[in-house]
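Chemist: One structure, pasted below without further comment.
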Amino acid sequence: MNALLDRYASDELVLRDPSDGRTLAQRLTKRYAARITGAFVVPGREGSFATLPDDLPPALAQALRSRGIDQLYSHQAEAWTATQSGAHVAIVTPTASGKSLCYTLPVITAAMTQHAKALYLFPTKALAQDQVAELLALNQAGNLGVKAFTFDGDTPGDARQAIRLHGDIVVSNPDMLHQAILPHHTKWAQFFENLRYVVIDEVHTYRGVFGSHVANVIRRLKRVCAFYGVAPQFILCSATIGNPKEHAEALIEDAVAAITESGAPTGDKHVLLWNPPVVNPDLGLRASARSQTNRIARLAIKSGMKTLVFAQSRTMVEVLTKYLKDVFDSDPRKPARIRAYRGGYLPKERRAAEREMRAGTIDGIVSTSALELGVDIGSLDVVVLNGYPGSVAATWQRFGRAGRRQQSALGVLVASSDPLDQYLVRHPEFFQGASPEHARIQPDQPLILLDHIRCAAFELPFIGDEMFGTEVATPWLDVLGEEGVLHREGDRWEWIADSYPAIVVSLRSVADGNFVVVDRTNGRQTIIAEVDYTAAPVTLYEGAIHMIQSVPYQVECLDWEGRKAYVTRTHVDYYTDAIDYTKLKVLDCFDTSNAGCGQAHHGEVHVVRRVPGYKKIRFYSHENIGFGQVNLPDQELHTTAVWWQLAQVVLDAAFEDRHQALDGFLGAAYALHIVATVAVMAEARDLQKSVGSGDGAWFVSADVTGRGQIRGTDGQPATLALDAPFTPTVYLYDAFPGGIGQSEPLFNRREDLVAQSMTLIERCDCRGGCPGCVGPVLAADEDAATTPKALALRVLALLVAL
Amino acid sequence: MQGVTQRAPPSDRMVPGVEIAPGLFLTEALMDWGRPSPLIDTSFARWEAPVAHQRLLHFDTETTGLAGGTGTRAWMIGAADWLADGRFRLRQLTMTTMGAESAMLQTFARWLQSDTVLVSYNGKCYDSPLLKTRYRLARLPDPLTGLGHLDLLHPVRRHWKGVWENCRLATAERELLGVVREYDLPGSEAPAAWLSYLRGGSALNLRRVLAHNAQDLKSVAGVLLHMASLAASPCGDTKSCFDRPRIDVVCDCPNR
């Protein structure tokens with residue numbers, strides 16, 4: 001009933017005449033002022049054009065003209081000039097600005113005039129197929145005789161030989177290059193001998209662990225190319241990130257000429273940050289993002305605007321599609337106006353959706369991140385994000401989907417209850433002013449480096465003091481020699497083992513692999529979810545209630561070695577909460593500095609994570625109704641961390657008792673973790689937090705009410721002797737073995753992080769603490785001076801720079 | 001070395017043959033094996049013209065493993081052919097250092113003429129691509145591409161798939177030639193045998209691999225003659241009308 005009322009209520013906002021983003025933004029701002037936490041405009045710009053270059057082969061110029069391309073955008077012309085000068089080039093322009101022509105022109109020209117070959121790398125198979133379709137269309141239009149093929153896991157064995165010998169342009173992905181092409185490079189000898197260009201698109205996706213792997217795959221590619229006597233020219237493309245040139249240079253370890261000014265015309269872009277209304281102030285609960293997204297999309301479509309909704313999961317795509325279809329596609333005799341687009345659909349289905357979008361017969365499309373990358377779907381008026389995509393850069397990439405040449409467009413970010421989302425919408429100035437995040441890679445991360453030196457040694461023997469990337473490989477080769485996979489003879493290290501190392505090195509995940517959740521209800525055997533390795537011990541223990549889209553399943557059996565959890569559908573009135581503790585021990589301190597009355601440090605730590613048991617907690621009342629034992633191996637990790645400490649005397653003066661201080665540390669850790677995750681463009685799971693004693697003697701975890709509980713090294717609740725030393729410490733650590741380079745930038749920004757955490761907490765609307773600031777808090781009837789919020793602020797104030 | 005492998009007494013480091021280049025050993029033996037007719041009927045492989053027996057070169061490699069790719073190498077190449085007088089010549093190249101690989105590949109290349117027809121058992125999918133990779137990595141011209149290649153695995157499969165338990169060479173030689181091996185080192189042990197020698201261990205198993213390889217080559221030649229006679233036979237019933245050549249029990253024991 002509420003939904004129905006809502007539908008009518010909002011109808012008054014529907015724009016009667018076909019309109020633009022500006023008008024819709026104004027109406028929304030007027031009607032929902034309280035929900036809009038930020039509004040700003042990104043001004044559009046005129047297009048900047050250039051004539052087709054004179055030195056293009058005439059047949060290619062003709063093919064372009066017959067495809068309706070009579071002139072180039074200025075950045076495309078710049079890219080032509082830069083590539084012809086022989087430089088490595090990075091092109092950084094917004095979505096749908098015609099990036100692919102920047103590399104298509106030099107590549108096809110070289111293929112036509114010199115029989116030169118090109119290797120394209122895309123992060124996904126769908127993008128690779130799109131690219132080949134585009135190349136084939138151009139080739140056909142001008143009868144250019146250039147052969148382009150995709151080469152991926154789906155390529156049939158009998159086609160592979162032909163592609164290796166006859167492909168002018170081979171379109172693949174980093175994983176195939178790593179596992180199939182480089183370890184068999186002799187079969188590709190002709191291809192490598194003539195390789196002139198390597199095109200790497202969407203390089204902003206190659207960051208963190210994945211990017212560090214890819215950088216090493218590029219090192220191996222260059223090494224194999226050198227064997228065949230070639231040094232191909234790299235052309236890289238990126239969506240907008242904070243450090244495109246630096247990132248491109250880090251990936252290929254060479255200087256690049258960066259082209260960052262787009263010549264494609266755009267209209268103004270209006271951006272709204274939208275926070276759903278609070279429905280329970282005590283708990284800090286807000287209305288769902290889903291309902292708000294639905295409302296905004298409905299309004300936009302009714303106002304005659306082409307609308308794209310981004311959702312974070314495939315399920316959410318389906319839910320939102322259904323809601324919109326209920327409104328707009330109720331008459332089955334008419335062609336559908338709403339479509340869903342996501343991974344898991346057949347390519348044919350996706351192509352059809354793209355075609356219909358381009359043709360303009362679809363009014364609303366709901367998608368996962370699948371549409372964030374360069375799939376061509378024509379122009380749109382409105383983009384609604386159901387939840388923050390996790391980075392400023394990705395947010396702008398998605399907003400970039402909206403925009404026409406003449407008309408203003410609208411982008412709305414609807415915040416979910418996730419702490420990061422809440423942080424973002426409550427800090428519109430952060431979002432508006434933020435340059436997009438820097439993409440970081442750490443190609444010399446020891447574990448990753450060793451994996452790729454291993455693969456490289458398989459591909460070609462190492463000789464003498466050969467460098468791999470920036471380091472001499474010899475010490476690593478000694479390690480591999482001791483392991484018995486390499487044999488040293490004179491100055492050559494030869495692969496000797498009967499194994500194929502690339503097969504056990506995955507570029508996309510940490511070494512330990514994901515768990516799959518298998519539903520066995522009524523004899524089924526269906527995989528219903530995947531859980532990453534770090535989350536598995538706290539979510540998939542036997543007895544756990546595992547919620548998938550709020551449907552409860554019980555874990556019956558966990559096959560730790562096989563990485564499988566077997567679950568059945570269940571009906572219970574409780575959920576389970578793992579008693580999870582992390583114990584850290586500092587191994588080495590690299591750097592220390594004063595932080596207010598305390599100190600901040602950066603160094604190496606040993607992390608032990610254990611799940612001794614779990615609690616059963618009843619829904620709504622949150623009573624603790626039982627315990628269960630968990631028997632899982634400890635997770636151990638050597639990694640890097642940044643940590644803050646306050647001395648005992650300082651704490652004794654500032655807090656009534658130690659317990660208060662601990663509550664403060666827990667809340668501070670929660671806020672610091674949110675702020676730090678935003679600061680380093682980390683995936684939330686790649687950066688973890690912990691509170692414990694500086695000497696590793698005890699640690700603190702939040703209990704059911706959100707208050708701190710000291711636990712001893714065995715994980716059991718403990719109390720500190722009054723005379724025991726007391727140096728509570730908050731740690732933020734890299735959740736990847738050996739660290740992936742997040743803690744050093746955090747240490748460098750330590751003062752900023754503390755200050756921003758304070759702002760985050762101060763500005764939060766909740767009373768005593770909520771998932772948006774210091775973590776969930778139950779008790780609401782406290783003295784204001786001792787709420788977890790106030791205590792966390794007290795800790796942070798002691799750490800803030802004087 | 002480093003206590004990994006026990007250093008063997010010097011006598012046990014004996015690799016058969018003559019060291020024709022640093023680290024590269026060649027064995028050569030002449031024997032009577034099979035009585036090839038001057039022209040071998042190759043219609044069983046759907047080749048129209050028969051092949052003069054001197055043109056045939058049977059070959060088989062021993063490698064460092066089955067993983068494939070650029071990291072797998074052949075450390076031994078065995079090759080056998082019939083001379084003009086009908087005698088069977090069996091040659092084996094064994095490298096005892098990594099550095100000898102180029103010399104081994106070059107020597108093998110000299111054994112191949114432009115009209116040589118290779119004969120192997122699964123060589124099209126395994127030995128030949130592996131050697132091509134090694135030639136490429138050694139920056140040597142690849143002498144194999146362009147040569148005729150009779151891979152006996154496929155015709156054997158066409159005839160006896162579903163009849164025998166499997167179509168491996170060991171099965172084919174037992175069924176068709178009556179070969180029974182004793183003291184044979186299975187092919188799967190070859191990588192370990194070489195690796196252990198390379199690291200300073202005993203050559204005993206290396207010699208056993210050589211013996212195993214020699215028998216493989218004789219069996220390949222025997223299976224070829226069998227297939228050829230099969231094709232020439234007017235009768236379709238392979239079992240009853242073929243006079244199976246009896247071969248004495250082969251003993252590969254090096255101690256006798």
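Identifiers in this document derive from the order of the structure tokens: chains are assigned A, B, ..., residues are numbered from 1 separately in each chain, and ligands are numbered from 1 in order of occurrence.
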Env of Asp695 (chain A): 9 Å cut, atoms = only C-alpha atoms, seq-sep filter 3 positions within chain, self excluded. Answer as a short mmCIF file (atom, residue, chain, number, x, y, z; two decimals) with C-alpha atoms, in the first residue's frame.

Modeler:
```
data_model
loop_
_atom_site.label_atom_id
_atom_site.label_comp_id
_atom_site.auth_asym_id
_atom_site.auth_seq_id
_atom_site.Cartn_x
_atom_site.Cartn_y
_atom_site.Cartn_z
CA LEU A 584 49.00 -9.12 16.11
CA LYS A 585 52.60 -9.09 17.08
CA VAL A 586 54.98 -6.42 15.88
CA GLY A 692 45.09 -5.24 20.92
CA TRP A 698 45.72 -9.61 24.64
CA THR A 727 49.16 -0.05 25.95
#
```

Chemist: Any chance you could list, as a PyMOL selection string, the residues in region 82-130 of chain B that come up alpha helix (DSSP H) when DSSP is run on the backbone?

Modeler: chain B and resi 101-110+127-130

Chemist: Take the residues that were just selected and, keeping N, CA and C atoms, output them as a PDB file, in the first residue's frame.

Modeler:
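Final file, again07.pdb:
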```
ATOM      1  N   GLU B 101      72.833 -29.506 -25.154  1.00  0.00           N
ATOM      2  CA  GLU B 101      71.576 -29.616 -25.899  1.00  0.00           C
ATOM      3  C   GLU B 101      71.731 -29.192 -27.361  1.00  0.00           C
ATOM      4  N   SER B 102      72.422 -28.067 -27.590  1.00  0.00           N
ATOM      5  CA  SER B 102      72.577 -27.587 -28.957  1.00  0.00           C
ATOM      6  C   SER B 102      73.270 -28.628 -29.823  1.00  0.00           C
ATOM      7  N   ALA B 103      74.346 -29.203 -29.303  1.00  0.00           N
ATOM      8  CA  ALA B 103      75.077 -30.216 -30.065  1.00  0.00           C
ATOM      9  C   ALA B 103      74.172 -31.408 -30.358  1.00  0.00           C
ATOM     10  N   MET B 104      73.352 -31.786 -29.385  1.00  0.00           N
ATOM     11  CA  MET B 104      72.449 -32.922 -29.589  1.00  0.00           C
ATOM     12  C   MET B 104      71.458 -32.608 -30.698  1.00  0.00           C
ATOM     13  N   LEU B 105      70.893 -31.413 -30.653  1.00  0.00           N
ATOM     14  CA  LEU B 105      69.893 -31.054 -31.662  1.00  0.00           C
ATOM     15  C   LEU B 105      70.549 -30.977 -33.049  1.00  0.00           C
ATOM     16  N   GLN B 106      71.757 -30.440 -33.100  1.00  0.00           N
ATOM     17  CA  GLN B 106      72.441 -30.325 -34.396  1.00  0.00           C
ATOM     18  C   GLN B 106      72.784 -31.702 -34.957  1.00  0.00           C
ATOM     19  N   THR B 107      73.229 -32.603 -34.071  1.00  0.00           N
ATOM     20  CA  THR B 107      73.558 -33.950 -34.531  1.00  0.00           C
ATOM     21  C   THR B 107      72.323 -34.642 -35.079  1.00  0.00           C
ATOM     22  N   PHE B 108      71.247 -34.526 -34.344  1.00  0.00           N
ATOM     23  CA  PHE B 108      70.014 -35.174 -34.803  1.00  0.00           C
ATOM     24  C   PHE B 108      69.592 -34.590 -36.149  1.00  0.00           C
ATOM     25  N   ALA B 109      69.735 -33.271 -36.291  1.00  0.00           N
ATOM     26  CA  ALA B 109      69.324 -32.630 -37.552  1.00  0.00           C
ATOM     27  C   ALA B 109      70.119 -33.215 -38.723  1.00  0.00           C
ATOM     28  N   ARG B 110      71.400 -33.579 -38.470  1.00  0.00           N
ATOM     29  CA  ARG B 110      72.217 -34.125 -39.561  1.00  0.00           C
ATOM     30  C   ARG B 110      71.769 -35.523 -39.973  1.00  0.00           C
ATOM     31  N   ASP B 127      56.601 -35.936 -29.304  1.00  0.00           N
ATOM     32  CA  ASP B 127      58.041 -35.746 -29.523  1.00  0.00           C
ATOM     33  C   ASP B 127      58.335 -34.636 -30.532  1.00  0.00           C
ATOM     34  N   SER B 128      57.575 -34.618 -31.619  1.00  0.00           N
ATOM     35  CA  SER B 128      57.895 -33.665 -32.668  1.00  0.00           C
ATOM     36  C   SER B 128      57.673 -32.211 -32.237  1.00  0.00           C
ATOM     37  N   PRO B 129      56.497 -31.851 -31.678  1.00  0.00           N
ATOM     38  CA  PRO B 129      56.348 -30.463 -31.221  1.00  0.00           C
ATOM     39  C   PRO B 129      57.358 -30.096 -30.137  1.00  0.00           C
ATOM     40  N   LEU B 130      57.670 -31.067 -29.272  1.00  0.00           N
ATOM     41  CA  LEU B 130      58.624 -30.779 -28.209  1.00  0.00           C
ATOM     42  C   LEU B 130      59.992 -30.441 -28.800  1.00  0.00           C
TER      43      LEU B 130
END
```

Chemist: Report as JSON lines: every residue of chain B with an atom at most 10 Å from chain A, its closest pair of atoms, and their distance in Å to one decimal, counting only C-alpha atoms, with rows sorted by chain and ascending residue number.

Modeler:
```
{"residue": "B:Gln2", "atom": "CA", "partner": "A:Glu482", "partner_atom": "CA", "distance": 9.5}
{"residue": "B:Val4", "atom": "CA", "partner": "A:Glu482", "partner_atom": "CA", "distance": 9.9}
{"residue": "B:Thr63", "atom": "CA", "partner": "A:Asp498", "partner_atom": "CA", "distance": 9.3}
{"residue": "B:Thr64", "atom": "CA", "partner": "A:Asp498", "partner_atom": "CA", "distance": 6.1}
{"residue": "B:Gly65", "atom": "CA", "partner": "A:Asp498", "partner_atom": "CA", "distance": 4.5}
{"residue": "B:Leu66", "atom": "CA", "partner": "A:Asp498", "partner_atom": "CA", "distance": 6.5}
{"residue": "B:Ala67", "atom": "CA", "partner": "A:Ser499", "partner_atom": "CA", "distance": 5.2}
{"residue": "B:Gly68", "atom": "CA", "partner": "A:Tyr500", "partner_atom": "CA", "distance": 7.3}
{"residue": "B:Gly69", "atom": "CA", "partner": "A:His184", "partner_atom": "CA", "distance": 4.9}
{"residue": "B:Thr70", "atom": "CA", "partner": "A:Glu459", "partner_atom": "CA", "distance": 5.4}
{"residue": "B:Gly71", "atom": "CA", "partner": "A:Phe458", "partner_atom": "CA", "distance": 4.6}
{"residue": "B:Thr72", "atom": "CA", "partner": "A:Asp498", "partner_atom": "CA", "distance": 7.0}
{"residue": "B:Arg73", "atom": "CA", "partner": "A:Ile496", "partner_atom": "CA", "distance": 8.3}
{"residue": "B:Thr97", "atom": "CA", "partner": "A:Glu489", "partner_atom": "CA", "distance": 7.9}
{"residue": "B:Met98", "atom": "CA", "partner": "A:Glu489", "partner_atom": "CA", "distance": 7.0}
{"residue": "B:Gly99", "atom": "CA", "partner": "A:Glu489", "partner_atom": "CA", "distance": 7.7}
{"residue": "B:Pro129", "atom": "CA", "partner": "A:Lys187", "partner_atom": "CA", "distance": 8.8}
{"residue": "B:Leu130", "atom": "CA", "partner": "A:Thr186", "partner_atom": "CA", "distance": 9.9}
{"residue": "B:Lys132", "atom": "CA", "partner": "A:Thr186", "partner_atom": "CA", "distance": 8.3}
{"residue": "B:Thr133", "atom": "CA", "partner": "A:Thr186", "partner_atom": "CA", "distance": 5.6}
{"residue": "B:Arg134", "atom": "CA", "partner": "A:Thr186", "partner_atom": "CA", "distance": 8.6}
{"residue": "B:Tyr135", "atom": "CA", "partner": "A:Thr186", "partner_atom": "CA", "distance": 9.4}
{"residue": "B:Arg136", "atom": "CA", "partner": "A:Thr186", "partner_atom": "CA", "distance": 6.4}
{"residue": "B:Leu137", "atom": "CA", "partner": "A:Thr186", "partner_atom": "CA", "distance": 7.2}
{"residue": "B:Arg139", "atom": "CA", "partner": "A:Phe227", "partner_atom": "CA", "distance": 9.6}
{"residue": "B:Pro191", "atom": "CA", "partner": "A:Asp498", "partner_atom": "CA", "distance": 7.7}
{"residue": "B:Ala192", "atom": "CA", "partner": "A:Asp498", "partner_atom": "CA", "distance": 9.3}
{"residue": "B:Leu195", "atom": "CA", "partner": "A:Ile496", "partner_atom": "CA", "distance": 7.7}
{"residue": "B:Leu198", "atom": "CA", "partner": "A:His487", "partner_atom": "CA", "distance": 8.9}
{"residue": "B:Arg199", "atom": "CA", "partner": "A:His487", "partner_atom": "CA", "distance": 8.7}
```

Chemist: Need to verify the contact set: region 40-49 of chain B, 7 Å, only C-alpha atoms, exclusion of same-chain residues closer than 4 positions in sequence. Can you return it as a ChimeraX atom specification?

Modeler: /B:53,155,227-228,231-232

Chemist: Could you write out that same residue set with N, CA and C atoms as a short mmCIF file (atom, residue, chain, number, x, y, z; two decimals), in the first residue's frame?

Modeler:
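Once everything was written out, this is part16.cif:
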```cif
data_model
loop_
_atom_site.label_atom_id
_atom_site.label_comp_id
_atom_site.auth_asym_id
_atom_site.auth_seq_id
_atom_site.Cartn_x
_atom_site.Cartn_y
_atom_site.Cartn_z
N HIS B 53 62.60 -48.45 -47.69
CA HIS B 53 62.85 -48.61 -46.25
C HIS B 53 64.01 -47.74 -45.75
N PRO B 155 46.89 -45.34 -36.67
CA PRO B 155 46.42 -46.58 -37.32
C PRO B 155 46.19 -47.72 -36.33
N MET B 227 52.07 -53.54 -39.41
CA MET B 227 50.99 -52.78 -40.05
C MET B 227 51.10 -52.85 -41.56
N ALA B 228 52.36 -52.80 -42.05
CA ALA B 228 52.57 -52.84 -43.50
C ALA B 228 52.14 -54.19 -44.06
N ALA B 231 48.44 -54.50 -44.23
CA ALA B 231 47.85 -53.82 -45.38
C ALA B 231 48.03 -54.65 -46.63
N ALA B 232 49.19 -55.31 -46.73
CA ALA B 232 49.48 -56.09 -47.93
C ALA B 232 48.68 -57.38 -47.95
#
```

Chemist: Going by DSSP on the backbone, which residues of region 257-358 of chain A come out as strand (DSSP E)? List them as a list of chain:residue names.

Modeler: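 Put together, the selection reads A:Ala257, A:Ala258, A:Ile259, A:Lys269, A:His270, A:Val271, A:Leu272, A:Leu273, A:Trp274, A:Val278, A:Val279, A:Asn280, A:Leu285, A:Arg286, A:Thr307, A:Leu308, A:Val309, A:Phe310, A:Ile338, A:Arg339, A:Ala340, A:Tyr341.
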
Chemist: Let's have the selection written as a JSON list (two decimals), in the first residue's frame, with C-alpha atoms.

Modeler:
```
[["chain", "number", "residue", "atom", "x", "y", "z"],
["A", 257, "ALA", "CA", 53.32, 9.99, -23.45],
["A", 258, "ALA", "CA", 49.98, 10.67, -21.77],
["A", 259, "ILE", "CA", 47.02, 12.10, -23.64],
["A", 269, "LYS", "CA", 26.44, 16.92, -15.84],
["A", 270, "HIS", "CA", 24.40, 17.35, -12.67],
["A", 271, "VAL", "CA", 25.30, 15.16, -9.75],
["A", 272, "LEU", "CA", 23.18, 14.48, -6.66],
["A", 273, "LEU", "CA", 24.29, 12.58, -3.57],
["A", 274, "TRP", "CA", 21.26, 10.98, -2.02],
["A", 278, "VAL", "CA", 16.37, 7.76, 8.65],
["A", 279, "VAL", "CA", 13.68, 5.39, 9.91],
["A", 280, "ASN", "CA", 15.20, 4.50, 13.29],
["A", 285, "LEU", "CA", 18.71, 2.69, 10.42],
["A", 286, "ARG", "CA", 17.75, 4.20, 7.10],
["A", 307, "THR", "CA", 17.99, 5.85, -17.69],
["A", 308, "LEU", "CA", 20.69, 3.46, -16.56],
["A", 309, "VAL", "CA", 20.68, 1.98, -13.06],
["A", 310, "PHE", "CA", 23.82, 0.39, -11.63],
["A", 338, "ILE", "CA", 13.10, -2.09, -19.38],
["A", 339, "ARG", "CA", 16.01, -4.50, -19.66],
["A", 340, "ALA", "CA", 18.57, -6.04, -17.36],
["A", 341, "TYR", "CA", 22.21, -6.36, -18.33]]
```

Chemist: Figure out the distance between CA of Val383 (chain A) and CA of Thr368 (chain A), please, to one decimal in Å.

Modeler: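 Separating CA of Thr368 (chain A) from CA of Val383 (chain A) is a distance of 12.5 Å.
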
Chemist: Env of Val92 (chain A): 7 Å cut, atoms = only C-alpha atoms, seq-sep filter 6 positions within chain, self excluded. Answer as a list in words.

Modeler: Cys237, Ser238, Ala239, Thr240, Pro244, Ile259 and Thr260 of chain A

Chemist: Go ahead and write the residues just picked, N, CA and C atoms, as a PDB file, in the first residue's frame.

Modeler:
```pdb
ATOM      1  N   CYS A 237      45.101   2.369 -22.454  1.00  0.00           N
ATOM      2  CA  CYS A 237      43.936   3.230 -22.285  1.00  0.00           C
ATOM      3  C   CYS A 237      43.409   3.064 -20.872  1.00  0.00           C
ATOM      4  N   SER A 238      42.940   4.166 -20.329  1.00  0.00           N
ATOM      5  CA  SER A 238      42.445   4.110 -18.964  1.00  0.00           C
ATOM      6  C   SER A 238      41.241   5.014 -18.828  1.00  0.00           C
ATOM      7  N   ALA A 239      40.338   4.621 -17.965  1.00  0.00           N
ATOM      8  CA  ALA A 239      39.308   5.556 -17.532  1.00  0.00           C
ATOM      9  C   ALA A 239      39.995   6.518 -16.572  1.00  0.00           C
ATOM     10  N   THR A 240      39.257   7.536 -16.143  1.00  0.00           N
ATOM     11  CA  THR A 240      39.882   8.561 -15.324  1.00  0.00           C
ATOM     12  C   THR A 240      40.290   8.004 -13.963  1.00  0.00           C
ATOM     13  N   PRO A 244      47.029   8.483 -14.012  1.00  0.00           N
ATOM     14  CA  PRO A 244      47.039   7.611 -15.188  1.00  0.00           C
ATOM     15  C   PRO A 244      48.432   7.413 -15.787  1.00  0.00           C
ATOM     16  N   ILE A 259      47.980  11.216 -22.978  1.00  0.00           N
ATOM     17  CA  ILE A 259      47.018  12.101 -23.635  1.00  0.00           C
ATOM     18  C   ILE A 259      45.795  12.145 -22.742  1.00  0.00           C
ATOM     19  N   THR A 260      45.519  13.318 -22.147  1.00  0.00           N
ATOM     20  CA  THR A 260      44.492  13.361 -21.114  1.00  0.00           C
ATOM     21  C   THR A 260      43.333  14.289 -21.453  1.00  0.00           C
TER      22      THR A 260
END
```

Chemist: With distances taken over only C-alpha atoms, which of B:Arg168, B:Arg55, B:Arg89, B:Arg13 is nearest to Trp33 (chain B)?

Modeler: B:Arg89

Chemist: Please list as a list in words every residue within 9 Å of region 514-531 of chain A, counting only C-alpha atoms and excluding residues in the same chain fewer than 5 positions away.

Modeler: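 Counting only C-alpha atoms, the residues come to Ser509, Ala536, Thr539, Leu540, Ile548, Tyr553, Val555, Trp560, Gly562, Arg563, Lys564, Ala565, Tyr566, Val567, Thr568, Arg569 and Thr570 of chain A.
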
Chemist: Could you save the residues just selected, with N, CA and C atoms, as a tab-separated table (two decimals), in the first residue's frame?

Modeler:
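Writing done, so here's part-v8.tsv:
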```
chain	number	residue	atom	x	y	z
A	509	SER	N	43.26	-13.68	-7.84
A	509	SER	CA	42.91	-13.89	-6.45
A	509	SER	C	44.17	-14.14	-5.66
A	536	ALA	N	35.90	-16.63	4.66
A	536	ALA	CA	35.37	-17.98	4.87
A	536	ALA	C	35.35	-18.40	6.34
A	539	THR	N	32.39	-16.85	8.18
A	539	THR	CA	31.03	-16.93	7.65
A	539	THR	C	30.61	-18.35	7.30
A	540	LEU	N	31.57	-19.27	7.14
A	540	LEU	CA	31.19	-20.58	6.62
A	540	LEU	C	31.51	-21.74	7.56
A	548	ILE	N	21.86	-15.32	2.26
A	548	ILE	CA	22.05	-14.88	0.88
A	548	ILE	C	20.80	-14.10	0.48
A	553	TYR	N	20.51	-19.83	5.10
A	553	TYR	CA	20.96	-21.20	4.85
A	553	TYR	C	21.85	-21.59	6.02
A	555	VAL	N	25.06	-23.81	7.33
A	555	VAL	CA	26.22	-24.56	6.86
A	555	VAL	C	26.24	-25.90	7.58
A	560	TRP	N	37.31	-27.72	4.13
A	560	TRP	CA	38.31	-26.65	4.10
A	560	TRP	C	39.29	-26.85	2.95
A	562	GLY	N	38.91	-28.65	0.22
A	562	GLY	CA	38.24	-28.60	-1.08
A	562	GLY	C	37.60	-27.24	-1.35
A	563	ARG	N	37.67	-26.33	-0.35
A	563	ARG	CA	37.13	-24.98	-0.52
A	563	ARG	C	35.63	-25.00	-0.85
A	564	LYS	N	34.90	-25.86	-0.12
A	564	LYS	CA	33.46	-25.93	-0.37
A	564	LYS	C	32.72	-25.91	0.95
A	565	ALA	N	31.58	-25.22	0.97
A	565	ALA	CA	30.69	-25.27	2.12
A	565	ALA	C	29.34	-25.79	1.64
A	566	TYR	N	28.85	-26.82	2.31
A	566	TYR	CA	27.56	-27.38	1.93
A	566	TYR	C	26.49	-26.82	2.86
A	567	VAL	N	25.43	-26.28	2.29
A	567	VAL	CA	24.40	-25.64	3.09
A	567	VAL	C	23.02	-26.18	2.71
A	568	THR	N	22.07	-26.00	3.64
A	568	THR	CA	20.69	-26.28	3.27
A	568	THR	C	19.83	-25.10	3.71
A	569	ARG	N	18.75	-24.93	3.02
A	569	ARG	CA	17.79	-23.88	3.33
A	569	ARG	C	17.22	-24.15	4.71
A	570	THR	N	17.08	-23.10	5.52
A	570	THR	CA	16.59	-23.34	6.87
A	570	THR	C	15.62	-22.24	7.26
```

Chemist: Mind checking which residues fall within 8 Å of Val119 (chain B), counting only C-alpha atoms, ignoring those fewer than 6 positions away in the same chain, and posting them as a ChimeraX atom specification?

Modeler: /B:56-59,149-152,220-221

Chemist: Restrict the selected residues to N, CA and C atoms and save them as an mmCIF file, in the first residue's frame.

Modeler:
```cif
data_model
loop_
_atom_site.group_PDB
_atom_site.id
_atom_site.type_symbol
_atom_site.label_atom_id
_atom_site.label_comp_id
_atom_site.auth_asym_id
_atom_site.auth_seq_id
_atom_site.Cartn_x
_atom_site.Cartn_y
_atom_site.Cartn_z
ATOM 1 N N LEU B 56 63.141 -44.417 -44.002
ATOM 2 C CA LEU B 56 62.425 -44.362 -42.725
ATOM 3 C C LEU B 56 63.374 -44.097 -41.566
ATOM 4 N N LEU B 57 63.008 -43.189 -40.687
ATOM 5 C CA LEU B 57 63.780 -42.985 -39.458
ATOM 6 C C LEU B 57 62.821 -43.042 -38.268
ATOM 7 N N HIS B 58 62.975 -44.117 -37.476
ATOM 8 C CA HIS B 58 62.165 -44.247 -36.267
ATOM 9 C C HIS B 58 62.790 -43.396 -35.184
ATOM 10 N N PHE B 59 61.972 -42.674 -34.457
ATOM 11 C CA PHE B 59 62.578 -41.865 -33.395
ATOM 12 C C PHE B 59 61.689 -41.804 -32.166
ATOM 13 N N HIS B 149 55.704 -37.982 -41.815
ATOM 14 C CA HIS B 149 55.723 -38.519 -40.454
ATOM 15 C C HIS B 149 54.630 -39.576 -40.328
ATOM 16 N N LEU B 150 55.047 -40.792 -40.124
ATOM 17 C CA LEU B 150 54.082 -41.878 -39.875
ATOM 18 C C LEU B 150 53.959 -42.050 -38.372
ATOM 19 N N ASP B 151 52.867 -41.625 -37.826
ATOM 20 C CA ASP B 151 52.643 -41.819 -36.394
ATOM 21 C C ASP B 151 51.777 -43.061 -36.246
ATOM 22 N N LEU B 152 52.367 -44.138 -35.711
ATOM 23 C CA LEU B 152 51.671 -45.433 -35.713
ATOM 24 C C LEU B 152 50.523 -45.489 -34.717
ATOM 25 N N VAL B 220 58.673 -49.956 -32.280
ATOM 26 C CA VAL B 220 58.056 -49.086 -33.278
ATOM 27 C C VAL B 220 58.303 -49.654 -34.673
ATOM 28 N N ALA B 221 59.556 -50.069 -34.921
ATOM 29 C CA ALA B 221 59.882 -50.638 -36.235
ATOM 30 C C ALA B 221 59.096 -51.924 -36.466
#
```
